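Colleague: Before I ask anything, let me first share the structure, which is written out below as structure tokens.
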Amino acid sequence: MNRIAVDAMGGDLAPAETVRGAVAASSMGLEPILVGDQSAIANELARLEADLPVVHASQVIEMGEDPGQGLRDKPDSSISVCARMVAEGQAGAMISAGSTGAAMAAAAIIIGRSQGVARPTIASVFPTPGSPTVVLDSGANIEVKPEHLVQFAVMGAVLSEVLFGLEKPRVGLLNIGEEPGKGRQLDKDAFDLLAATSLNFVGNVEGRDLATDRADVIVSDGFTGNVFLKTTEGAAQTMAILMMEAFSQLEPEAQAAVLPALGEIRRRMDYETYGGAHLLGVNGVVVIAHGSSSHVAIANGIRIAHDGVARDLVGKVASRLAGA
């Protein structure tokens with residue numbers, strides 16, 4: 001089942017950019033199904049002179065709503081309908097740029113957790129030297145136990161294998177220093193547990209190691225991981241601004257010479273290249289996109305959701321956890 005349920009109403013730029021992204025994904029040979037207000041979606045499809053399948057959902061869970069209350073009060077919300085389509089086998093995956101909390105709650109409650117998973121986790125992908133780096137948790141679990149971090153590491157390693165073809169992904173524990181014994185009691189206990197697993201555990205890593213290709217998977221609690229994620233995004237944006245300022249001061253001939261390289265750097269640093277983060281530990285492929293996602297991010301998010309289904313991400317995560 002390669003059809004992807006797309007929450008057409010979620011995100012700051014929905015439904016226009018979401019529909020446009022789904023149309024772009026369709027042109028790649030993918031199979032998005034738009035879920036949301038049928039009239040609004042039809043208007044966008046008509047404007048684009050496109051035709052995609054639409055499943056009507058009469059409600060929307062807004063960004064500021066309590067996720068759990070929203071699911072209870074709005075059973076016909078676009079996020080809930082997407083999750084039911086996955087749970088009932090009408091779609092192989094779902095993607096939403098709407099409320100992260102609502103998407104997580106819908107995935108956990110409607111689709112269900114994978115057997116043995118204590119906490120589903122958000123896994124973000126960072127463009128780094130060598131292969132991209134998977135960082136988790138990126139905000140799903142503010143407070144965790146050491147054993148949760150071990151599960152995150154296992155799931156992150158599987159994602160790295162599935163997405164990037166790595167055989168033994170290097171796993172690092174995000175900490176305030178490289179030496180064993182650093183950090184909070186949580187980090188010390190997690191270090192010992194990770195060292196005892198069959199994972200390719202490389203020990204503690206620091207935030208700056210994201211730029212050194214020291215680890216393929218970096219594990220943390222959701223609070224630290226989310227701050228790390230947002231700080232890195234801000235640093236990348238600052239670097240892009242500084243590079244463009246320097247670029248504008250070059251002579252036209254020099255600009256023409258360096259423009260292709262700048263374009264490639266921008267492409268690699270842009271979060272829209274990956275389209276979203278995988279929610280791991282549930283019984284279906286779920287991609288959570290950035291709230292301000294453009295059509296480019298939505299199209300790429302649909303692509304990585306399709307890849308997760310085609311490469312049996314959920315089954316491989318469950319199998320690995322069962323053997324952990």
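FYI, nothing fancy with the structure tokens labels: chains A, B, ... in order, residues from 1 per chain, ligands from 1 as they appear.
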Need to verify the contact set: Gly275 (chain A), 7 Å, only C-alpha atoms, exclusion of same-chain residues closer than 6 positions in sequence. Can you return it as JSON, numbers by chain?

Modeller: {"A": [289, 297, 298, 300, 301]}

Colleague: Please extract the residues of region 84-235 of chain A with a backbone DSSP assignment of strand (DSSP E) and present them as a list in words.

Modeller: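 Selection result, strand (DSSP E) within region 84-235 of chain A: Ala93, Met94, Ile95, Ser96, Thr121, Ile122, Ala123, Ser124, Val125, Phe126, Thr133, Val134, Val135, Leu136, Arg170, Val171, Gly172, Leu173, Leu174, Asn200, Phe201, Val202, Gly203, Asn204, Val205, Val217, Ile218 and Val219 of chain A.
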
Colleague: Export N, CA and C atoms of the chosen residues as an mmCIF file, in the first residue's frame?

Modeller:
```cif
data_model
loop_
_atom_site.group_PDB
_atom_site.id
_atom_site.type_symbol
_atom_site.label_atom_id
_atom_site.label_comp_id
_atom_site.auth_asym_id
_atom_site.auth_seq_id
_atom_site.Cartn_x
_atom_site.Cartn_y
_atom_site.Cartn_z
ATOM 1 N N ALA A 93 0.860 5.365 4.652
ATOM 2 C CA ALA A 93 1.552 6.347 5.490
ATOM 3 C C ALA A 93 0.732 7.620 5.528
ATOM 4 N N MET A 94 1.085 8.514 6.448
ATOM 5 C CA MET A 94 0.455 9.823 6.523
ATOM 6 C C MET A 94 1.516 10.886 6.753
ATOM 7 N N ILE A 95 1.205 12.108 6.330
ATOM 8 C CA ILE A 95 2.074 13.246 6.563
ATOM 9 C C ILE A 95 1.223 14.437 6.958
ATOM 10 N N SER A 96 1.700 15.197 7.944
ATOM 11 C CA SER A 96 0.987 16.397 8.372
ATOM 12 C C SER A 96 1.979 17.482 8.743
ATOM 13 N N THR A 121 9.074 8.248 19.129
ATOM 14 C CA THR A 121 10.072 9.311 19.113
ATOM 15 C C THR A 121 10.130 9.987 17.746
ATOM 16 N N ILE A 122 10.406 11.289 17.751
ATOM 17 C CA ILE A 122 10.541 12.039 16.505
ATOM 18 C C ILE A 122 12.005 12.029 16.087
ATOM 19 N N ALA A 123 12.267 11.565 14.878
ATOM 20 C CA ALA A 123 13.633 11.455 14.353
ATOM 21 C C ALA A 123 13.820 12.455 13.215
ATOM 22 N N SER A 124 14.657 13.463 13.444
ATOM 23 C CA SER A 124 14.951 14.477 12.424
ATOM 24 C C SER A 124 16.245 14.124 11.705
ATOM 25 N N VAL A 125 16.357 14.571 10.471
ATOM 26 C CA VAL A 125 17.547 14.304 9.663
ATOM 27 C C VAL A 125 18.290 15.614 9.428
ATOM 28 N N PHE A 126 19.589 15.616 9.729
ATOM 29 C CA PHE A 126 20.429 16.788 9.546
ATOM 30 C C PHE A 126 21.398 16.561 8.393
ATOM 31 N N THR A 133 22.783 12.868 9.300
ATOM 32 C CA THR A 133 22.736 12.380 10.672
ATOM 33 C C THR A 133 21.308 12.403 11.188
ATOM 34 N N VAL A 134 20.882 11.308 11.803
ATOM 35 C CA VAL A 134 19.569 11.203 12.418
ATOM 36 C C VAL A 134 19.688 11.635 13.875
ATOM 37 N N VAL A 135 18.843 12.582 14.288
ATOM 38 C CA VAL A 135 18.836 13.071 15.667
ATOM 39 C C VAL A 135 17.472 12.801 16.278
ATOM 40 N N LEU A 136 17.452 12.142 17.429
ATOM 41 C CA LEU A 136 16.215 11.838 18.117
ATOM 42 C C LEU A 136 16.464 11.722 19.623
ATOM 43 N N ARG A 170 26.799 4.492 13.332
ATOM 44 C CA ARG A 170 27.454 4.879 14.585
ATOM 45 C C ARG A 170 26.478 5.677 15.433
ATOM 46 N N VAL A 171 26.302 5.252 16.675
ATOM 47 C CA VAL A 171 25.333 5.876 17.570
ATOM 48 C C VAL A 171 26.072 6.639 18.665
ATOM 49 N N GLY A 172 25.716 7.908 18.846
ATOM 50 C CA GLY A 172 26.303 8.719 19.894
ATOM 51 C C GLY A 172 25.239 9.242 20.831
ATOM 52 N N LEU A 173 25.612 9.472 22.084
ATOM 53 C CA LEU A 173 24.721 10.023 23.097
ATOM 54 C C LEU A 173 25.061 11.495 23.288
ATOM 55 N N LEU A 174 24.118 12.385 23.019
ATOM 56 C CA LEU A 174 24.363 13.823 23.137
ATOM 57 C C LEU A 174 24.596 14.189 24.594
ATOM 58 N N ASN A 200 26.418 -0.033 17.372
ATOM 59 C CA ASN A 200 27.762 0.522 17.140
ATOM 60 C C ASN A 200 27.866 1.841 17.905
ATOM 61 N N PHE A 201 27.948 1.724 19.240
ATOM 62 C CA PHE A 201 27.922 2.886 20.123
ATOM 63 C C PHE A 201 29.312 3.513 20.210
ATOM 64 N N VAL A 202 29.385 4.796 19.863
ATOM 65 C CA VAL A 202 30.680 5.482 19.849
ATOM 66 C C VAL A 202 30.872 6.376 21.066
ATOM 67 N N GLY A 203 29.938 6.325 22.022
ATOM 68 C CA GLY A 203 30.095 7.086 23.255
ATOM 69 C C GLY A 203 29.383 8.431 23.215
ATOM 70 N N ASN A 204 29.790 9.299 24.116
ATOM 71 C CA ASN A 204 29.202 10.632 24.184
ATOM 72 C C ASN A 204 29.651 11.486 23.005
ATOM 73 N N VAL A 205 28.741 12.320 22.528
ATOM 74 C CA VAL A 205 29.088 13.306 21.510
ATOM 75 C C VAL A 205 28.567 14.659 21.973
ATOM 76 N N VAL A 217 23.870 8.550 14.153
ATOM 77 C CA VAL A 217 22.653 8.684 14.952
ATOM 78 C C VAL A 217 23.040 9.340 16.264
ATOM 79 N N ILE A 218 22.343 10.409 16.632
ATOM 80 C CA ILE A 218 22.593 11.090 17.901
ATOM 81 C C ILE A 218 21.322 11.028 18.732
ATOM 82 N N VAL A 219 21.448 10.552 19.974
ATOM 83 C CA VAL A 219 20.296 10.291 20.839
ATOM 84 C C VAL A 219 20.276 11.278 22.000
#
```

Colleague: Please provide the set of residues having any atom within 10 Å of region 18-25 of chain A, restricted to only C-alpha atoms, with same-chain residues fewer than 2 positions apart removed, written as a compact mmCIF listing (two decimals) with N, CA, C and O atoms, in the first residue's frame.

Modeller:
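Saved to selection39.txt:
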```txt
# COMPACT_ATOMS: atom_id res chain seq x y z
N ILE A 4 -0.33 7.65 0.12
CA ILE A 4 0.07 8.47 1.26
C ILE A 4 -1.06 9.43 1.59
O ILE A 4 -1.45 10.26 0.76
N ALA A 5 -1.60 9.35 2.81
CA ALA A 5 -2.63 10.27 3.26
C ALA A 5 -1.97 11.59 3.65
O ALA A 5 -1.09 11.62 4.50
N VAL A 6 -2.40 12.68 3.02
CA VAL A 6 -1.79 13.99 3.23
C VAL A 6 -2.80 14.90 3.94
O VAL A 6 -3.90 15.16 3.41
N ASP A 7 -2.44 15.37 5.13
CA ASP A 7 -3.28 16.32 5.86
C ASP A 7 -3.23 17.66 5.13
O ASP A 7 -2.31 18.45 5.31
N ALA A 8 -4.23 17.91 4.29
CA ALA A 8 -4.22 19.10 3.44
C ALA A 8 -4.49 20.38 4.22
O ALA A 8 -4.23 21.48 3.72
N MET A 9 -5.00 20.26 5.45
CA MET A 9 -5.39 21.44 6.21
C MET A 9 -4.37 21.83 7.27
O MET A 9 -4.52 22.86 7.92
N GLY A 10 -3.32 21.03 7.44
CA GLY A 10 -2.34 21.29 8.48
C GLY A 10 -1.20 22.17 7.98
O GLY A 10 -0.69 21.97 6.88
N GLY A 11 -0.79 23.14 8.80
CA GLY A 11 0.35 23.97 8.43
C GLY A 11 -0.04 25.42 8.18
O GLY A 11 -1.19 25.73 7.88
N ASP A 12 0.94 26.28 8.26
CA ASP A 12 0.70 27.71 8.11
C ASP A 12 0.25 28.08 6.70
O ASP A 12 -0.43 29.09 6.51
N LEU A 13 0.66 27.30 5.71
CA LEU A 13 0.41 27.64 4.31
C LEU A 13 -0.63 26.73 3.66
O LEU A 13 -0.76 26.71 2.44
N ALA A 14 -1.34 25.98 4.48
CA ALA A 14 -2.37 25.07 3.96
C ALA A 14 -3.66 25.85 3.66
O ALA A 14 -3.93 26.88 4.27
N PRO A 15 -4.46 25.36 2.71
CA PRO A 15 -4.22 24.16 1.90
C PRO A 15 -3.43 24.41 0.62
O PRO A 15 -3.08 23.45 -0.07
N ALA A 16 -3.15 25.67 0.29
CA ALA A 16 -2.56 25.97 -1.01
C ALA A 16 -1.23 25.25 -1.24
O ALA A 16 -1.06 24.53 -2.24
N SER A 27 3.43 14.02 -9.66
CA SER A 27 4.18 14.06 -10.92
C SER A 27 5.45 13.22 -10.84
O SER A 27 6.03 12.88 -11.88
N MET A 28 5.89 12.87 -9.61
CA MET A 28 7.06 12.00 -9.42
C MET A 28 6.67 10.52 -9.46
O MET A 28 7.51 9.64 -9.29
N GLY A 29 5.38 10.25 -9.63
CA GLY A 29 4.92 8.87 -9.64
C GLY A 29 4.43 8.38 -8.30
O GLY A 29 4.11 7.20 -8.15
N LEU A 30 4.33 9.28 -7.31
CA LEU A 30 3.84 8.91 -5.99
C LEU A 30 2.32 9.01 -5.95
O LEU A 30 1.70 9.53 -6.87
N GLU A 31 1.71 8.51 -4.85
CA GLU A 31 0.26 8.40 -4.79
C GLU A 31 -0.32 9.10 -3.57
O GLU A 31 -0.79 8.45 -2.64
N PRO A 32 -0.31 10.44 -3.55
CA PRO A 32 -0.90 11.15 -2.41
C PRO A 32 -2.42 11.17 -2.47
O PRO A 32 -3.02 11.21 -3.55
N ILE A 33 -3.04 11.12 -1.29
CA ILE A 33 -4.48 11.30 -1.15
C ILE A 33 -4.68 12.51 -0.25
O ILE A 33 -4.23 12.51 0.91
N LEU A 34 -5.34 13.54 -0.73
CA LEU A 34 -5.54 14.75 0.04
C LEU A 34 -6.71 14.59 0.98
O LEU A 34 -7.80 14.14 0.58
N VAL A 35 -6.51 14.96 2.26
CA VAL A 35 -7.53 14.80 3.28
C VAL A 35 -7.84 16.16 3.89
O VAL A 35 -6.94 16.87 4.34
N ALA A 40 -12.41 23.39 -0.33
CA ALA A 40 -11.17 24.16 -0.36
C ALA A 40 -10.10 23.45 -1.19
O ALA A 40 -9.37 24.09 -1.95
N ILE A 41 -10.01 22.13 -1.04
CA ILE A 41 -9.03 21.36 -1.80
C ILE A 41 -9.36 21.39 -3.28
O ILE A 41 -8.48 21.56 -4.13
N ALA A 42 -10.64 21.26 -3.60
CA ALA A 42 -11.06 21.28 -5.01
C ALA A 42 -10.71 22.60 -5.67
O ALA A 42 -10.30 22.64 -6.84
N ASN A 43 -10.86 23.69 -4.94
CA ASN A 43 -10.52 25.01 -5.48
C ASN A 43 -9.04 25.08 -5.83
O ASN A 43 -8.65 25.62 -6.88
N GLU A 44 -8.20 24.54 -4.94
CA GLU A 44 -6.75 24.57 -5.18
C GLU A 44 -6.38 23.66 -6.35
O GLU A 44 -5.53 24.02 -7.18
N LEU A 45 -7.00 22.50 -6.43
CA LEU A 45 -6.73 21.58 -7.54
C LEU A 45 -7.14 22.21 -8.87
O LEU A 45 -6.43 22.09 -9.89
N ARG A 47 -7.26 25.39 -9.54
CA ARG A 47 -6.32 26.46 -9.86
C ARG A 47 -5.06 25.89 -10.48
O ARG A 47 -4.44 26.52 -11.35
N LEU A 48 -4.67 24.69 -10.05
CA LEU A 48 -3.46 24.05 -10.57
C LEU A 48 -3.75 23.16 -11.79
O LEU A 48 -2.82 22.56 -12.34
N GLU A 49 -5.02 23.09 -12.16
CA GLU A 49 -5.44 22.23 -13.26
C GLU A 49 -4.97 20.80 -13.04
O GLU A 49 -4.40 20.15 -13.92
N ALA A 50 -5.21 20.31 -11.82
CA ALA A 50 -4.76 18.97 -11.43
C ALA A 50 -5.93 18.17 -10.90
O ALA A 50 -6.98 18.72 -10.52
N ASP A 51 -5.74 16.87 -10.82
CA ASP A 51 -6.78 15.96 -10.33
C ASP A 51 -6.13 14.92 -9.43
O ASP A 51 -5.30 14.12 -9.88
N LEU A 52 -6.47 14.97 -8.14
CA LEU A 52 -5.96 14.00 -7.17
C LEU A 52 -7.13 13.48 -6.34
O LEU A 52 -8.13 14.19 -6.16
N SER A 96 1.70 15.20 7.94
CA SER A 96 0.99 16.40 8.37
C SER A 96 1.98 17.48 8.74
O SER A 96 3.00 17.21 9.39
N ALA A 97 1.66 18.72 8.34
CA ALA A 97 2.42 19.89 8.76
C ALA A 97 1.65 20.67 9.82
O ALA A 97 1.99 21.80 10.14
N SER A 293 5.97 24.61 6.17
CA SER A 293 6.42 23.87 4.98
C SER A 293 5.83 24.45 3.70
O SER A 293 4.63 24.69 3.60
N SER A 294 6.70 24.62 2.72
CA SER A 294 6.26 25.01 1.38
C SER A 294 5.90 23.75 0.60
O SER A 294 6.03 22.62 1.09
N HIS A 295 5.49 23.94 -0.65
CA HIS A 295 5.15 22.79 -1.49
C HIS A 295 6.36 21.88 -1.71
O HIS A 295 6.21 20.67 -1.87
N VAL A 296 7.56 22.46 -1.69
CA VAL A 296 8.78 21.65 -1.86
C VAL A 296 8.93 20.68 -0.70
O VAL A 296 9.19 19.48 -0.89
N ALA A 297 8.76 21.19 0.52
CA ALA A 297 8.87 20.33 1.70
C ALA A 297 7.78 19.28 1.72
O ALA A 297 8.04 18.11 2.06
N ILE A 298 6.56 19.65 1.36
CA ILE A 298 5.46 18.68 1.35
C ILE A 298 5.74 17.57 0.35
O ILE A 298 5.57 16.38 0.65
N ALA A 299 6.19 17.94 -0.84
CA ALA A 299 6.50 16.92 -1.86
C ALA A 299 7.59 15.99 -1.37
O ALA A 299 7.50 14.76 -1.53
N ASN A 300 8.63 16.54 -0.76
CA ASN A 300 9.72 15.70 -0.25
C ASN A 300 9.27 14.88 0.95
O ASN A 300 9.73 13.74 1.14
N GLY A 301 8.36 15.42 1.76
CA GLY A 301 7.83 14.65 2.87
C GLY A 301 7.02 13.46 2.39
O GLY A 301 7.08 12.36 2.96
N ILE A 302 6.24 13.66 1.34
CA ILE A 302 5.49 12.55 0.74
C ILE A 302 6.47 11.50 0.20
O ILE A 302 6.24 10.29 0.33
N ARG A 303 7.56 11.98 -0.38
CA ARG A 303 8.57 11.06 -0.93
C ARG A 303 9.19 10.20 0.17
O ARG A 303 9.32 8.98 0.01
```

Colleague: Looking at A:Val286, A:Ala246, A:Leu186, A:Ala157, which one is nearest to Lys316 (chain A), with distances taken over only C-alpha atoms?

Modeller: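 Nearest candidate to Lys316 (chain A) out of A:Val286, A:Ala246, A:Leu186, A:Ala157: A:Ala157.
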
Colleague: Find the residues around Ser220 (chain A) up to 10 Å (only C-alpha atoms counted), leave out those fewer than 2 positions away in its own chain, and share them as an NGL selection string.

Modeller: :A and (135-139 or 141-142 or 144 or 146 or 148-150 or 152-153 or 172-175 or 187 or 190 or 218 or 222-226 or 228)

Colleague: Please identify all polymer residues within 8 Å of Val158 (chain A), counting only C-alpha atoms, omitting same-chain residues fewer than 2 positions from it, and present them as an NGL selection string.

Modeller: :A and (154-156 or 160-162 or 313 or 316-317 or 320)

Colleague: Please write the residues from the selection above to a file, keeping C-alpha atoms, as a PDB file, in the first residue's frame.

Modeller:
```
ATOM      1  CA  VAL A 154      17.717   1.244  18.143  1.00  0.00           C
ATOM      2  CA  MET A 155      14.944   2.916  16.162  1.00  0.00           C
ATOM      3  CA  GLY A 156      17.265   5.666  14.934  1.00  0.00           C
ATOM      4  CA  SER A 160      19.585   5.350   9.198  1.00  0.00           C
ATOM      5  CA  GLU A 161      19.954   1.909   7.647  1.00  0.00           C
ATOM      6  CA  VAL A 162      16.656   2.160   5.764  1.00  0.00           C
ATOM      7  CA  LEU A 313      10.515   0.848   7.979  1.00  0.00           C
ATOM      8  CA  LYS A 316      12.186  -3.443  10.498  1.00  0.00           C
ATOM      9  CA  VAL A 317      11.880  -1.246  13.584  1.00  0.00           C
ATOM     10  CA  ARG A 320      14.894  -4.988  15.681  1.00  0.00           C
TER      11      ARG A 320
END
```

Colleague: Counting only C-alpha atoms, which residue out of A:Lys168, A:Lys188, A:Lys145, A:Arg208 sits closest to Thr128 (chain A)?

Modeller: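 Closest to Thr128 (chain A) of all the choices is A:Arg208.
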
Colleague: Pull the helix (DSSP H, G or I) assignments for region 122-272 of chain A out of DSSP run on the backbone, and list those residues as an NGL selection string.

Modeller: :A and (146-164 or 185-195 or 207-211 or 222-248 or 252-269 or 271-272)

Colleague: Find the residues near region 54-65 of chain A: any atom within 6 Å, counting only C-alpha atoms, skip ones fewer than 6 places away on the same chain, and give them as a ChimeraX atom specification.

Modeller: /A:33-38,76-78,99

Colleague: Could you check the closest approach to Gly177 (chain A) for each of A:Ala318, A:Arg119, A:Gly207, A:Pro127 and tell me which residue wins, using only C-alpha atoms?

Modeller: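 Counting only C-alpha atoms, the residue closest to Gly177 (chain A) is A:Gly207.
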
Colleague: As an exercise, work out the distance from CA of Ala83 (chain A) to CA of Gly291 (chain A) in Å and give it to one decimal place.

Modeller: 18.2 Å

Colleague: Closest to Arg3 (chain A) among A:Ser26, A:Gln185, A:Leu193, A:Thr100, using only C-alpha atoms?

Modeller: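 Once distances to Arg3 (chain A) are computed over only C-alpha atoms, the minimum belongs to A:Ser26.
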
Colleague: When distances are computed from only C-alpha atoms, which of A:Thr232, A:Gln249, A:Asn283, A:Gln115 shows the smallest separation from Leu321 (chain A)?

Modeller: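 Residue with the minimum atom-to-atom distance to Leu321 (chain A): A:Gln115.
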